[in-house]
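Peer 1: Okay, here's the structure, questions in a sec.
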Amino acid sequence: MATLEIKDLHVSVTTEEGEKKILKGVDLTVKTGEVHAIMGPNGSGKSTLAYSIAGHPKYNITGGSVTLDGVDILSMKVDERARAGLFLAMQYPVEVPGVSVANFLRTAKTAIDGEAPKLRTWVKDVNEALERVTLDKDFAQRSVNEGFSGGEKKRHEIAQLELLNPKFAVLDETDSGLDIDALRVVSDGVNRFSGQGDRGVLLITHYTRILRYIKPDYVHVFVAGRVADQGGPELADELEANGYDKYVKAAAEVTSA
């Protein structure tokens with residue numbers, strides 16, 4: 001069993017007005033075999049957590065630690081974090097003109113495994129992964145995300161997830177902009193990944209609709225850069241019924257005190 005542990009994490013960003021604190025002491029532990037959902041209003045720090053774990057240079061770690069099986073990943077470069085077993089599915093996947101999906105995926109797989117996959121087997125694996133997320137095999141020859149619809153980009157992210165098969169997947173609002181059919185395809189892919197039993201998922205979302213397809217073991221409520229509450233899947237139902245208002249008010253009271 002592998003463990004991704006976040007302890008008292010503080011993160012800020014540099015703005016024209018100076019340093020702005022985003023995360024203000026986050027504690028969170030994800031073990032393989034678990035699915036954790038992070039929910040919260042806009043601006044609460046959910047995506048900041050995802051990108052900080054992945055190593056985005058925009059975010060300044062000012063305190064705390066993130067470890068994978070006790071090894072500090074904050075001192076690692078982005079590619080080293082990926083090789084250690086981390087994967088980030090972005091809310092807005094970027095386009096990479098001139099680089100085909102097939103070459104991109106094979107290069108990534110080679111970097112993670114330390115050796116190139118056998119070409120004949122790899123082509124078959126890629127085509128099967130694309131088919132599972134209802135993308136035509138011709139997508140393998142297209143430039144990464146260039147001209148893809150929003151749903152196609154998200155489904156391509158899930159194909160990457162299945163082919164690279166990391167220890168931990170951090171999914172940043174993978175459900176945003178998806179119609180009901182694409183949502184089911186994406187959810188099925190995440191469930192296949194987590195269903196291996198020795199993989200961990202940190203799923204960031206605004207809404208509970210994806211949680212109808214991906215059942216979390218734990219739900220964490222993010223407000224004002226902190227974990228305001230946590231519990232089981234029933235907490236998501238409570239949020240669906242009552243929203244984040246009570247948490248936002250409580251955070252405002254603490255700030256003004």
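Residues are named by chain letter and number: chains run A, B, ... in the order of the structure tokens, numbers start at 1 in each chain, and ligands are numbered from 1 in the order shown.
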List every residue of region 51-177 of chain A that DSSP, applied to the backbone of this structure, assigns to strand (DSSP E), and report them as a list in words.
Peer 2: Tyr59, Asn60, Ile61, Thr62, Gly63, Gly64, Ser65, Val66, Thr67, Leu68, Val71, Asp72, Leu86, Phe87, Leu88, Ala89, Val96, Pro97, Gly98, Val99, Ser100, Ser143, Val144, Phe168, Ala169, Val170, Leu171 and Asp172 of chain A
Peer 1: Go ahead and dump the residues you just picked, N, CA and C atoms, as a PDB file, in the first residue's frame.
Peer 2:
```
ATOM      1  N   TYR A  59       3.223  28.285  -8.295  1.00  0.00           N
ATOM      2  CA  TYR A  59       2.806  28.177  -6.899  1.00  0.00           C
ATOM      3  C   TYR A  59       4.024  28.026  -5.981  1.00  0.00           C
ATOM      4  N   ASN A  60       4.091  28.881  -4.986  1.00  0.00           N
ATOM      5  CA  ASN A  60       5.213  28.907  -4.060  1.00  0.00           C
ATOM      6  C   ASN A  60       4.851  28.156  -2.784  1.00  0.00           C
ATOM      7  N   ILE A  61       5.574  27.096  -2.495  1.00  0.00           N
ATOM      8  CA  ILE A  61       5.347  26.335  -1.268  1.00  0.00           C
ATOM      9  C   ILE A  61       6.040  27.078  -0.129  1.00  0.00           C
ATOM     10  N   THR A  62       5.267  27.585   0.812  1.00  0.00           N
ATOM     11  CA  THR A  62       5.844  28.374   1.902  1.00  0.00           C
ATOM     12  C   THR A  62       5.881  27.619   3.224  1.00  0.00           C
ATOM     13  N   GLY A  63       5.318  26.427   3.250  1.00  0.00           N
ATOM     14  CA  GLY A  63       5.347  25.632   4.474  1.00  0.00           C
ATOM     15  C   GLY A  63       4.686  24.289   4.269  1.00  0.00           C
ATOM     16  N   GLY A  64       5.045  23.336   5.115  1.00  0.00           N
ATOM     17  CA  GLY A  64       4.433  22.019   5.048  1.00  0.00           C
ATOM     18  C   GLY A  64       5.197  21.059   4.167  1.00  0.00           C
ATOM     19  N   SER A  65       4.605  19.895   3.939  1.00  0.00           N
ATOM     20  CA  SER A  65       5.286  18.855   3.173  1.00  0.00           C
ATOM     21  C   SER A  65       4.281  18.026   2.377  1.00  0.00           C
ATOM     22  N   VAL A  66       4.776  17.422   1.299  1.00  0.00           N
ATOM     23  CA  VAL A  66       4.025  16.432   0.531  1.00  0.00           C
ATOM     24  C   VAL A  66       4.968  15.263   0.309  1.00  0.00           C
ATOM     25  N   THR A  67       4.588  14.091   0.776  1.00  0.00           N
ATOM     26  CA  THR A  67       5.453  12.916   0.636  1.00  0.00           C
ATOM     27  C   THR A  67       4.700  11.769  -0.019  1.00  0.00           C
ATOM     28  N   LEU A  68       5.442  10.967  -0.752  1.00  0.00           N
ATOM     29  CA  LEU A  68       4.907   9.740  -1.333  1.00  0.00           C
ATOM     30  C   LEU A  68       5.714   8.594  -0.745  1.00  0.00           C
ATOM     31  N   VAL A  71       8.780   9.801   1.046  1.00  0.00           N
ATOM     32  CA  VAL A  71       9.796  10.515   0.274  1.00  0.00           C
ATOM     33  C   VAL A  71       9.260  11.883  -0.121  1.00  0.00           C
ATOM     34  N   ASP A  72      10.019  12.927   0.154  1.00  0.00           N
ATOM     35  CA  ASP A  72       9.621  14.301  -0.145  1.00  0.00           C
ATOM     36  C   ASP A  72       9.546  14.509  -1.653  1.00  0.00           C
ATOM     37  N   LEU A  86       3.042   9.992  -9.769  1.00  0.00           N
ATOM     38  CA  LEU A  86       1.970  10.984  -9.750  1.00  0.00           C
ATOM     39  C   LEU A  86       1.489  11.292 -11.165  1.00  0.00           C
ATOM     40  N   PHE A  87       0.196  11.554 -11.277  1.00  0.00           N
ATOM     41  CA  PHE A  87      -0.403  11.917 -12.569  1.00  0.00           C
ATOM     42  C   PHE A  87      -1.395  13.040 -12.325  1.00  0.00           C
ATOM     43  N   LEU A  88      -1.357  14.061 -13.161  1.00  0.00           N
ATOM     44  CA  LEU A  88      -2.306  15.170 -13.070  1.00  0.00           C
ATOM     45  C   LEU A  88      -3.116  15.270 -14.349  1.00  0.00           C
ATOM     46  N   ALA A  89      -4.433  15.167 -14.222  1.00  0.00           N
ATOM     47  CA  ALA A  89      -5.347  15.462 -15.327  1.00  0.00           C
ATOM     48  C   ALA A  89      -5.824  16.889 -15.133  1.00  0.00           C
ATOM     49  N   VAL A  96      -0.548  20.771 -27.915  1.00  0.00           N
ATOM     50  CA  VAL A  96       0.881  20.640 -28.228  1.00  0.00           C
ATOM     51  C   VAL A  96       1.007  20.434 -29.732  1.00  0.00           C
ATOM     52  N   PRO A  97       0.979  21.527 -30.511  1.00  0.00           N
ATOM     53  CA  PRO A  97       1.047  21.403 -31.971  1.00  0.00           C
ATOM     54  C   PRO A  97       2.342  20.719 -32.418  1.00  0.00           C
ATOM     55  N   GLY A  98       2.224  19.864 -33.417  1.00  0.00           N
ATOM     56  CA  GLY A  98       3.405  19.223 -33.994  1.00  0.00           C
ATOM     57  C   GLY A  98       3.845  17.953 -33.307  1.00  0.00           C
ATOM     58  N   VAL A  99       3.214  17.611 -32.186  1.00  0.00           N
ATOM     59  CA  VAL A  99       3.555  16.376 -31.469  1.00  0.00           C
ATOM     60  C   VAL A  99       2.335  15.458 -31.505  1.00  0.00           C
ATOM     61  N   SER A 100       2.477  14.310 -32.133  1.00  0.00           N
ATOM     62  CA  SER A 100       1.327  13.414 -32.244  1.00  0.00           C
ATOM     63  C   SER A 100       1.010  12.765 -30.903  1.00  0.00           C
ATOM     64  N   SER A 143      -2.115  15.930 -33.604  1.00  0.00           N
ATOM     65  CA  SER A 143      -1.331  16.647 -32.601  1.00  0.00           C
ATOM     66  C   SER A 143      -2.085  16.671 -31.279  1.00  0.00           C
ATOM     67  N   VAL A 144      -1.350  16.615 -30.189  1.00  0.00           N
ATOM     68  CA  VAL A 144      -1.940  16.500 -28.861  1.00  0.00           C
ATOM     69  C   VAL A 144      -2.923  17.638 -28.587  1.00  0.00           C
ATOM     70  N   PHE A 168      -0.843   7.314  -8.150  1.00  0.00           N
ATOM     71  CA  PHE A 168      -1.861   8.265  -7.708  1.00  0.00           C
ATOM     72  C   PHE A 168      -2.267   9.176  -8.858  1.00  0.00           C
ATOM     73  N   ALA A 169      -3.568   9.334  -9.038  1.00  0.00           N
ATOM     74  CA  ALA A 169      -4.101  10.234 -10.048  1.00  0.00           C
ATOM     75  C   ALA A 169      -4.761  11.426  -9.366  1.00  0.00           C
ATOM     76  N   VAL A 170      -4.339  12.621  -9.737  1.00  0.00           N
ATOM     77  CA  VAL A 170      -4.973  13.854  -9.267  1.00  0.00           C
ATOM     78  C   VAL A 170      -5.776  14.399 -10.442  1.00  0.00           C
ATOM     79  N   LEU A 171      -7.081  14.429 -10.309  1.00  0.00           N
ATOM     80  CA  LEU A 171      -7.978  14.799 -11.406  1.00  0.00           C
ATOM     81  C   LEU A 171      -8.624  16.141 -11.089  1.00  0.00           C
ATOM     82  N   ASP A 172      -8.191  17.184 -11.790  1.00  0.00           N
ATOM     83  CA  ASP A 172      -8.655  18.538 -11.512  1.00  0.00           C
ATOM     84  C   ASP A 172      -9.862  18.886 -12.372  1.00  0.00           C
TER      85      ASP A 172
END
```
Peer 1: What's the 8 Å shell around Leu178 (chain A), counting only C-alpha atoms, without same-chain residues fewer than 5 positions away, as a PDB file with C-alpha atoms, in the first residue's frame?
Peer 2:
```
ATOM      1  CA  GLY A 150     -13.515  19.850 -24.643  1.00  0.00           C
ATOM      2  CA  GLY A 151     -14.884  16.350 -24.182  1.00  0.00           C
ATOM      3  CA  LEU A 183     -19.109  12.108 -18.285  1.00  0.00           C
TER       4      LEU A 183
END
```
Peer 1: As an exercise, work out the distance from CA of Arg212 (chain A) to CA of Gly43 (chain A) in Å and give it to one decimal place.
Peer 2: 24.1 Å
Peer 1: What's around region 215-232 of chain A at 10 Å? Count only C-alpha atoms, leave out sequence neighbours fewer than 5 positions away in its own chain, and write the answer as a VMD selection string.
Peer 2: chain A and resid 8 to 11 21 to 28 30 33 to 46 48 to 49 187 191 201 to 204 210 237 239 244 247 to 252 255
Peer 1: Output N, CA and C atoms of each residue in that selection to a file, as a short mmCIF file (atom, residue, chain, number, x, y, z; two decimals), in the first residue's frame.
Peer 2:
```cif
data_model
loop_
_atom_site.label_atom_id
_atom_site.label_comp_id
_atom_site.auth_asym_id
_atom_site.auth_seq_id
_atom_site.Cartn_x
_atom_site.Cartn_y
_atom_site.Cartn_z
N ASP A 8 0.13 20.10 6.63
CA ASP A 8 0.22 21.52 6.92
C ASP A 8 0.76 22.31 5.73
N LEU A 9 0.20 22.06 4.55
CA LEU A 9 0.70 22.67 3.32
C LEU A 9 0.22 24.12 3.18
N HIS A 10 1.19 25.01 3.00
CA HIS A 10 0.92 26.44 2.77
C HIS A 10 1.47 26.81 1.40
N VAL A 11 0.62 27.47 0.60
CA VAL A 11 1.02 27.83 -0.76
C VAL A 11 0.56 29.26 -1.06
N LYS A 21 -1.67 34.49 -0.20
CA LYS A 21 -1.78 33.15 0.36
C LYS A 21 -3.02 32.45 -0.22
N ILE A 22 -2.82 31.22 -0.68
CA ILE A 22 -3.93 30.44 -1.23
C ILE A 22 -4.26 29.26 -0.31
N LEU A 23 -3.29 28.41 -0.06
CA LEU A 23 -3.50 27.30 0.89
C LEU A 23 -2.92 27.69 2.23
N LYS A 24 -3.68 27.41 3.30
CA LYS A 24 -3.32 27.93 4.62
C LYS A 24 -3.25 26.82 5.67
N GLY A 25 -2.61 25.73 5.28
CA GLY A 25 -2.43 24.62 6.22
C GLY A 25 -3.33 23.45 5.91
N VAL A 26 -3.04 22.74 4.82
CA VAL A 26 -3.87 21.62 4.37
C VAL A 26 -3.26 20.31 4.83
N ASP A 27 -4.08 19.48 5.46
CA ASP A 27 -3.69 18.13 5.85
C ASP A 27 -4.59 17.13 5.14
N LEU A 28 -3.98 16.17 4.46
CA LEU A 28 -4.77 15.22 3.68
C LEU A 28 -3.90 13.99 3.39
N VAL A 30 -3.93 10.27 1.30
CA VAL A 30 -4.59 9.38 0.34
C VAL A 30 -3.77 8.10 0.24
N GLY A 33 -5.94 2.39 -3.21
CA GLY A 33 -7.18 1.69 -2.92
C GLY A 33 -8.30 2.62 -2.49
N GLU A 34 -7.97 3.92 -2.38
CA GLU A 34 -8.96 4.91 -1.92
C GLU A 34 -9.25 5.94 -3.01
N VAL A 35 -10.50 6.42 -2.99
CA VAL A 35 -10.90 7.54 -3.84
C VAL A 35 -11.34 8.68 -2.93
N HIS A 36 -10.66 9.81 -3.03
CA HIS A 36 -10.96 10.99 -2.23
C HIS A 36 -11.51 12.08 -3.15
N ALA A 37 -12.65 12.65 -2.80
CA ALA A 37 -13.22 13.76 -3.54
C ALA A 37 -13.00 15.05 -2.77
N ILE A 38 -12.51 16.07 -3.47
CA ILE A 38 -12.36 17.41 -2.88
C ILE A 38 -13.38 18.32 -3.53
N MET A 39 -14.23 18.92 -2.70
CA MET A 39 -15.28 19.79 -3.19
C MET A 39 -15.16 21.15 -2.51
N GLY A 40 -15.70 22.16 -3.15
CA GLY A 40 -15.65 23.49 -2.56
C GLY A 40 -15.99 24.55 -3.59
N PRO A 41 -16.28 25.76 -3.13
CA PRO A 41 -16.64 26.85 -4.04
C PRO A 41 -15.44 27.32 -4.85
N ASN A 42 -15.70 28.15 -5.85
CA ASN A 42 -14.63 28.75 -6.63
C ASN A 42 -13.68 29.52 -5.73
N GLY A 43 -12.37 29.41 -6.02
CA GLY A 43 -11.40 30.18 -5.28
C GLY A 43 -11.04 29.62 -3.93
N SER A 44 -11.44 28.38 -3.66
CA SER A 44 -11.19 27.81 -2.33
C SER A 44 -9.82 27.16 -2.21
N GLY A 45 -9.13 26.95 -3.34
CA GLY A 45 -7.80 26.38 -3.30
C GLY A 45 -7.69 24.96 -3.83
N LYS A 46 -8.77 24.44 -4.40
CA LYS A 46 -8.77 23.05 -4.87
C LYS A 46 -7.73 22.83 -5.97
N THR A 48 -5.30 24.80 -6.79
CA THR A 48 -3.96 25.14 -6.28
C THR A 48 -3.32 23.92 -5.65
N LEU A 49 -4.09 23.15 -4.91
CA LEU A 49 -3.57 21.93 -4.31
C LEU A 49 -3.07 20.97 -5.39
N SER A 187 -15.88 8.74 -16.37
CA SER A 187 -16.08 8.06 -15.08
C SER A 187 -15.73 6.58 -15.16
N ASN A 191 -12.95 4.64 -12.96
CA ASN A 191 -13.31 3.45 -12.19
C ASN A 191 -12.46 2.23 -12.58
N VAL A 201 -6.86 7.83 -5.94
CA VAL A 201 -7.46 8.91 -6.74
C VAL A 201 -7.80 10.09 -5.84
N LEU A 202 -7.38 11.27 -6.28
CA LEU A 202 -7.77 12.53 -5.65
C LEU A 202 -8.57 13.30 -6.69
N LEU A 203 -9.88 13.33 -6.51
CA LEU A 203 -10.81 13.86 -7.51
C LEU A 203 -11.34 15.21 -7.05
N ILE A 204 -11.02 16.24 -7.83
CA ILE A 204 -11.44 17.60 -7.50
C ILE A 204 -12.64 17.98 -8.36
N ILE A 210 -20.61 13.91 -10.96
CA ILE A 210 -19.64 12.87 -11.29
C ILE A 210 -19.57 11.82 -10.18
N ASP A 237 -23.79 14.32 -0.53
CA ASP A 237 -25.25 14.48 -0.62
C ASP A 237 -25.69 15.71 0.17
N LEU A 239 -23.89 18.38 0.72
CA LEU A 239 -23.47 19.56 -0.04
C LEU A 239 -24.42 19.82 -1.21
N TYR A 244 -22.48 25.30 0.01
CA TYR A 244 -21.29 25.59 0.83
C TYR A 244 -21.50 26.76 1.78
N TYR A 247 -20.21 26.83 5.41
CA TYR A 247 -18.75 26.78 5.50
C TYR A 247 -18.13 28.12 5.14
N VAL A 248 -18.68 28.77 4.12
CA VAL A 248 -18.19 30.07 3.70
C VAL A 248 -18.39 31.10 4.82
N LYS A 249 -19.56 31.05 5.46
CA LYS A 249 -19.84 31.98 6.56
C LYS A 249 -18.91 31.75 7.74
N ALA A 250 -18.67 30.48 8.07
CA ALA A 250 -17.79 30.14 9.17
C ALA A 250 -16.35 30.61 8.90
N ALA A 251 -15.91 30.46 7.65
CA ALA A 251 -14.56 30.90 7.28
C ALA A 251 -14.45 32.42 7.35
N ALA A 252 -15.52 33.12 6.95
CA ALA A 252 -15.52 34.58 7.01
C ALA A 252 -15.47 35.07 8.44
N THR A 255 -11.92 34.71 9.70
CA THR A 255 -11.04 35.72 9.10
C THR A 255 -11.22 37.08 9.75
#
```
Peer 1: Counting only C-alpha atoms, which residues of region 6-88 of chain A fall within 12 Å of region 103-111 of chain A, and what is the closest atom pair for each with its distance in Å at one decimal, ordered by chain and rising number, as a tab-separated table?
Peer 2:
```
residue	atom	partner	partner_atom	distance
A:Asp79	CA	A:Ala111	CA	8.3
A:Glu80	CA	A:Ala111	CA	9.5
A:Arg81	CA	A:Ala111	CA	11.5
A:Ala82	CA	A:Ala111	CA	9.0
A:Arg83	CA	A:Ala111	CA	7.3
A:Ala84	CA	A:Ala111	CA	11.1
A:Gly85	CA	A:Ala111	CA	11.8
A:Phe87	CA	A:Ala108	CA	11.2
```
Peer 1: Using the selection just defined, write its residues with N, CA and C atoms as a PDB file, in the first residue's frame.
Peer 2:
```pdb
ATOM      1  N   ASP A  79       9.105  16.109 -13.809  1.00  0.00           N
ATOM      2  CA  ASP A  79       9.223  14.782 -14.414  1.00  0.00           C
ATOM      3  C   ASP A  79       9.571  13.724 -13.375  1.00  0.00           C
ATOM      4  N   GLU A  80      10.315  14.113 -12.340  1.00  0.00           N
ATOM      5  CA  GLU A  80      10.651  13.169 -11.275  1.00  0.00           C
ATOM      6  C   GLU A  80       9.411  12.784 -10.479  1.00  0.00           C
ATOM      7  N   ARG A  81       8.513  13.733 -10.299  1.00  0.00           N
ATOM      8  CA  ARG A  81       7.258  13.433  -9.594  1.00  0.00           C
ATOM      9  C   ARG A  81       6.420  12.432 -10.394  1.00  0.00           C
ATOM     10  N   ALA A  82       6.414  12.614 -11.712  1.00  0.00           N
ATOM     11  CA  ALA A  82       5.671  11.683 -12.563  1.00  0.00           C
ATOM     12  C   ALA A  82       6.270  10.286 -12.478  1.00  0.00           C
ATOM     13  N   ARG A  83       7.591  10.199 -12.503  1.00  0.00           N
ATOM     14  CA  ARG A  83       8.243   8.889 -12.405  1.00  0.00           C
ATOM     15  C   ARG A  83       8.027   8.254 -11.031  1.00  0.00           C
ATOM     16  N   ALA A  84       7.840   9.101 -10.027  1.00  0.00           N
ATOM     17  CA  ALA A  84       7.587   8.580  -8.675  1.00  0.00           C
ATOM     18  C   ALA A  84       6.185   7.991  -8.544  1.00  0.00           C
ATOM     19  N   GLY A  85       5.296   8.338  -9.503  1.00  0.00           N
ATOM     20  CA  GLY A  85       3.966   7.734  -9.477  1.00  0.00           C
ATOM     21  C   GLY A  85       2.811   8.696  -9.426  1.00  0.00           C
ATOM     22  N   PHE A  87       0.196  11.554 -11.277  1.00  0.00           N
ATOM     23  CA  PHE A  87      -0.403  11.917 -12.569  1.00  0.00           C
ATOM     24  C   PHE A  87      -1.395  13.040 -12.325  1.00  0.00           C
TER      25      PHE A  87
END
```
Peer 1: Write out as a ChimeraX atom specification all residues of region 19-144 of chain A that DSSP puts in helix (DSSP H, G or I) for this structure's backbone.
Peer 2: /A:46-54,78-84,101-113,119-132,137-141
Peer 1: Could you write those residues out with N, CA and C atoms, as a compact mmCIF listing (two decimals), in the first residue's frame?
Peer 2:
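Below is the file part.txt, written as the result:
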```txt
# COMPACT_ATOMS: atom_id res chain seq x y z
N LYS A 46 -8.77 24.44 -4.40
CA LYS A 46 -8.77 23.05 -4.87
C LYS A 46 -7.73 22.83 -5.97
N SER A 47 -7.79 23.65 -7.01
CA SER A 47 -6.86 23.50 -8.12
C SER A 47 -5.44 23.85 -7.71
N THR A 48 -5.30 24.80 -6.79
CA THR A 48 -3.96 25.14 -6.28
C THR A 48 -3.32 23.92 -5.65
N LEU A 49 -4.09 23.15 -4.91
CA LEU A 49 -3.57 21.93 -4.31
C LEU A 49 -3.07 20.97 -5.39
N ALA A 50 -3.88 20.78 -6.43
CA ALA A 50 -3.50 19.86 -7.50
C ALA A 50 -2.21 20.27 -8.17
N TYR A 51 -2.11 21.55 -8.54
CA TYR A 51 -0.93 22.01 -9.28
C TYR A 51 0.30 22.10 -8.39
N SER A 52 0.10 22.35 -7.11
CA SER A 52 1.22 22.38 -6.18
C SER A 52 1.82 20.98 -6.01
N ILE A 53 0.96 19.98 -5.93
CA ILE A 53 1.43 18.60 -5.84
C ILE A 53 2.22 18.23 -7.09
N ALA A 54 1.72 18.68 -8.25
CA ALA A 54 2.35 18.31 -9.52
C ALA A 54 3.64 19.08 -9.78
N VAL A 78 9.30 18.26 -11.94
CA VAL A 78 8.00 17.77 -12.39
C VAL A 78 8.10 16.36 -12.95
N ASP A 79 9.10 16.11 -13.81
CA ASP A 79 9.22 14.78 -14.41
C ASP A 79 9.57 13.72 -13.37
N GLU A 80 10.32 14.11 -12.34
CA GLU A 80 10.65 13.17 -11.28
C GLU A 80 9.41 12.78 -10.48
N ARG A 81 8.51 13.73 -10.30
CA ARG A 81 7.26 13.43 -9.59
C ARG A 81 6.42 12.43 -10.39
N ALA A 82 6.41 12.61 -11.71
CA ALA A 82 5.67 11.68 -12.56
C ALA A 82 6.27 10.29 -12.48
N ARG A 83 7.59 10.20 -12.50
CA ARG A 83 8.24 8.89 -12.41
C ARG A 83 8.03 8.25 -11.03
N ALA A 84 7.84 9.10 -10.03
CA ALA A 84 7.59 8.58 -8.68
C ALA A 84 6.19 7.99 -8.54
N VAL A 101 -0.24 12.39 -30.75
CA VAL A 101 -0.67 11.71 -29.53
C VAL A 101 0.15 10.44 -29.33
N ALA A 102 0.38 9.68 -30.40
CA ALA A 102 1.13 8.43 -30.29
C ALA A 102 2.55 8.68 -29.80
N ASN A 103 3.25 9.68 -30.37
CA ASN A 103 4.62 9.97 -29.95
C ASN A 103 4.67 10.52 -28.53
N PHE A 104 3.70 11.36 -28.21
CA PHE A 104 3.62 11.94 -26.86
C PHE A 104 3.47 10.83 -25.81
N LEU A 105 2.55 9.92 -26.06
CA LEU A 105 2.29 8.86 -25.10
C LEU A 105 3.47 7.90 -24.98
N ARG A 106 4.10 7.57 -26.11
CA ARG A 106 5.24 6.64 -26.06
C ARG A 106 6.43 7.28 -25.36
N THR A 107 6.64 8.57 -25.60
CA THR A 107 7.73 9.28 -24.91
C THR A 107 7.50 9.31 -23.41
N ALA A 108 6.24 9.59 -23.02
CA ALA A 108 5.90 9.63 -21.59
C ALA A 108 6.08 8.26 -20.96
N LYS A 109 5.62 7.22 -21.63
CA LYS A 109 5.73 5.86 -21.10
C LYS A 109 7.20 5.45 -20.97
N THR A 110 8.01 5.84 -21.94
CA THR A 110 9.44 5.52 -21.90
C THR A 110 10.12 6.22 -20.73
N ALA A 111 9.76 7.49 -20.51
CA ALA A 111 10.35 8.25 -19.41
C ALA A 111 10.00 7.65 -18.06
N ILE A 112 8.78 7.17 -17.92
CA ILE A 112 8.32 6.62 -16.64
C ILE A 112 8.91 5.23 -16.38
N ASP A 113 8.92 4.40 -17.43
CA ASP A 113 9.38 3.02 -17.25
C ASP A 113 10.90 2.86 -17.38
N LEU A 119 7.12 -1.53 -29.96
CA LEU A 119 6.26 -0.72 -30.83
C LEU A 119 4.98 -1.44 -31.21
N ARG A 120 5.08 -2.70 -31.60
CA ARG A 120 3.88 -3.41 -32.06
C ARG A 120 2.85 -3.53 -30.93
N THR A 121 3.34 -3.89 -29.74
CA THR A 121 2.44 -4.01 -28.58
C THR A 121 1.88 -2.65 -28.19
N TRP A 122 2.72 -1.61 -28.27
CA TRP A 122 2.31 -0.28 -27.85
C TRP A 122 1.21 0.27 -28.74
N VAL A 123 1.33 0.09 -30.04
CA VAL A 123 0.29 0.57 -30.97
C VAL A 123 -1.04 -0.07 -30.62
N LYS A 124 -1.00 -1.36 -30.33
CA LYS A 124 -2.23 -2.07 -29.95
C LYS A 124 -2.79 -1.51 -28.65
N ASP A 125 -1.91 -1.27 -27.66
CA ASP A 125 -2.34 -0.73 -26.37
C ASP A 125 -2.98 0.65 -26.52
N VAL A 126 -2.36 1.50 -27.33
CA VAL A 126 -2.87 2.86 -27.55
C VAL A 126 -4.23 2.80 -28.22
N ASN A 127 -4.35 2.00 -29.27
CA ASN A 127 -5.63 1.90 -29.98
C ASN A 127 -6.74 1.39 -29.07
N GLU A 128 -6.41 0.43 -28.21
CA GLU A 128 -7.41 -0.10 -27.29
C GLU A 128 -7.80 0.94 -26.24
N ALA A 129 -6.82 1.71 -25.77
CA ALA A 129 -7.11 2.76 -24.79
C ALA A 129 -7.99 3.84 -25.39
N LEU A 130 -7.71 4.22 -26.63
CA LEU A 130 -8.54 5.22 -27.30
C LEU A 130 -9.96 4.69 -27.52
N GLU A 131 -10.05 3.43 -27.89
CA GLU A 131 -11.37 2.83 -28.11
C GLU A 131 -12.19 2.82 -26.83
N ARG A 132 -11.53 2.54 -25.68
CA ARG A 132 -12.25 2.50 -24.41
C ARG A 132 -12.85 3.86 -24.05
N LYS A 137 -9.19 5.64 -33.51
CA LYS A 137 -7.75 5.38 -33.49
C LYS A 137 -6.97 6.41 -34.30
N ASP A 138 -7.65 7.15 -35.20
CA ASP A 138 -6.98 8.20 -35.96
C ASP A 138 -6.48 9.33 -35.05
N PHE A 139 -7.04 9.43 -33.84
CA PHE A 139 -6.58 10.45 -32.90
C PHE A 139 -5.11 10.25 -32.55
N ALA A 140 -4.62 9.03 -32.66
CA ALA A 140 -3.22 8.74 -32.31
C ALA A 140 -2.25 9.52 -33.20
N GLN A 141 -2.68 9.85 -34.42
CA GLN A 141 -1.80 10.56 -35.35
C GLN A 141 -2.02 12.07 -35.34
```
